[in-house]
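To keep things clear, I will list the structure first and then write my remarks on it.
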Amino acid sequence: MNEGSPIRLARARFDAVIFDLDGVITRTARQHARAWKRMFDEFLERRSRGEGGRFVPFDIDADYRRYVDGKPRYDGVVGFLRSRGIELPWGDPRDRPAAATVCGLGNRKNELFGEVLDREGAEVFEDAIDLVRALANAGIKTAIVSSSKNCASILRSVGALDLFDVRVDGTHAEALRLHGKPAPDIFLAAAEALNVDPQRAVVVEDALAGVEAGRAGGFGLVVGVDRVGQADALRGHGADVVVSDLGSLQIANGGRTDGH
Ligand SMILES: [Mg+2]
């Protein structure tokens, strides 16, 4: 199926739709990417000065999508560093930001992201909010999942905290010891909390690791949301269909997704 052609979700076939937060509901992907870049560039520059190597900055497009996007924060640190042949001790989640450990670098990224969010606020994709409301009207349950521990505060800041039936975020993931995407754990936990069979649920994701997780979880439909021009990569990682706008998802028998 191609971008642009409407995808119809039938109530008879699906009981629930599970949405990723960042890049699907909220427009925070660029803000995350900038915080990651600043953190890694600080680290890489410091390291090249110390060891006399060449400073090769973090690539905000390629490196972000391949190693970081959608993954739990510390896994993102490990993944990117490994691509540069760098191994750091794991450290401890209480490490001070920028300590030369995986946790320290991850904490520095979180600090920088918090500063960006304070300065700029979060923005939502209105097409996504419209779809969530239309699903509720059609009797299809909804969940929001995020690897981020900031999920609830981000949703609250845009007035969308009560929009979903279920939320599974980074805080729950840690407590339940869920494996991060591309493992399907967080989506399966959402399906369980919604009390629906994954085969009767739809996953909506923008990250490569996220569509991979949806596929691995055996979900009935994995929708890749392409806001940055990576439709082929999303399909390659497990998306059944790719849309560039959530207005392309419509509710069958219920008319258009605007709920009117
Ligand atoms: Mg995402």
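Chain labels A, B, ... are given in the sequence in which chains occur in the structure tokens; within each chain residues are numbered consecutively from 1, and ligands are likewise numbered from 1 in the order shown.
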| field | Within 10 Å of segment 134-143 of chain A using only C-alpha atoms, minus same-chain residues under 5 positions, as number ranges by chain | value | A: 9-12, 14-21, 128-129, 163-168, 187, 190-191, 193-196, 201-203, 250-260
| task | List all protein, DNA and RNA residues that have at least one atom no more than 8 Å from any atom of ligand 1, counting only C-alpha atoms and all ligand atoms, and write them as a VMD selection string. | result | chain A and resid 20 to 24 29 69 to 70 146 205 to 207 210
| Non-local contacts of segment 49-56 of chain A (10 Å; only C-alpha atoms; under 6 positions in same chain excluded) as a PyMOL selection string | chain A and resi 41+43+84
Those selected residues, please, written with N, CA and C atoms and delivered as a PDB file, in the first residue's frame.
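This is the output file result.pdb:
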```pdb
ATOM      1  N   ASP A  41      28.088  15.505  20.912  1.00  0.00           N
ATOM      2  CA  ASP A  41      29.168  16.341  20.381  1.00  0.00           C
ATOM      3  C   ASP A  41      30.064  16.862  21.500  1.00  0.00           C
ATOM      4  N   PHE A  43      30.648  15.320  24.253  1.00  0.00           N
ATOM      5  CA  PHE A  43      31.435  14.155  24.674  1.00  0.00           C
ATOM      6  C   PHE A  43      32.533  13.832  23.657  1.00  0.00           C
ATOM      7  N   ARG A  84      30.713   3.881  17.027  1.00  0.00           N
ATOM      8  CA  ARG A  84      31.998   4.590  16.935  1.00  0.00           C
ATOM      9  C   ARG A  84      33.123   3.781  17.581  1.00  0.00           C
TER      10      ARG A  84
END
```
| query | Rounded to one decimal in Å, what is the spacing between atom CA of Val78 of chain A and atom CA of Glu120 of chain A? | reply | 28.0 Å
| task | Select from segment 57-160 of chain A everything DSSP, run on the backbone, classes as strand (DSSP E or B), then give the selection as a ChimeraX atom specification. | result | /A:124,141-145
| For Lys149 of chain A, which residue out of A:Glu192, A:Glu174, A:Asp232, A:Asp226 is the nearest one, using only C-alpha atoms? | A:Glu174
| message | Can you pull out the residues contacting Thr26 of chain A? Cut-off 6 Å, using only C-alpha atoms, and skip same-chain residues under 6 positions away; I want them as a ChimeraX atom specification. | response | /A:123-125
Store the residues picked out above in a file with N, CA and C atoms, as a compact mmCIF listing (two decimals), in the first residue's frame.
```
# COMPACT_ATOMS: atom_id res chain seq x y z
N GLU A 123 4.80 20.47 21.21
CA GLU A 123 3.71 20.70 20.26
C GLU A 123 3.09 19.37 19.89
N VAL A 124 1.78 19.36 19.61
CA VAL A 124 1.14 18.11 19.17
C VAL A 124 0.86 18.16 17.67
N PHE A 125 0.75 16.98 17.10
CA PHE A 125 0.25 16.85 15.72
C PHE A 125 -1.27 16.79 15.80
```
| message | Give me the residues near Cys103 of chain A as a ChimeraX atom specification, where near means some atom within 9 Å (using only C-alpha atoms) and where sequence neighbours in that chain fewer than 6 positions away do not count. | response | /A:73-74,77,89-97
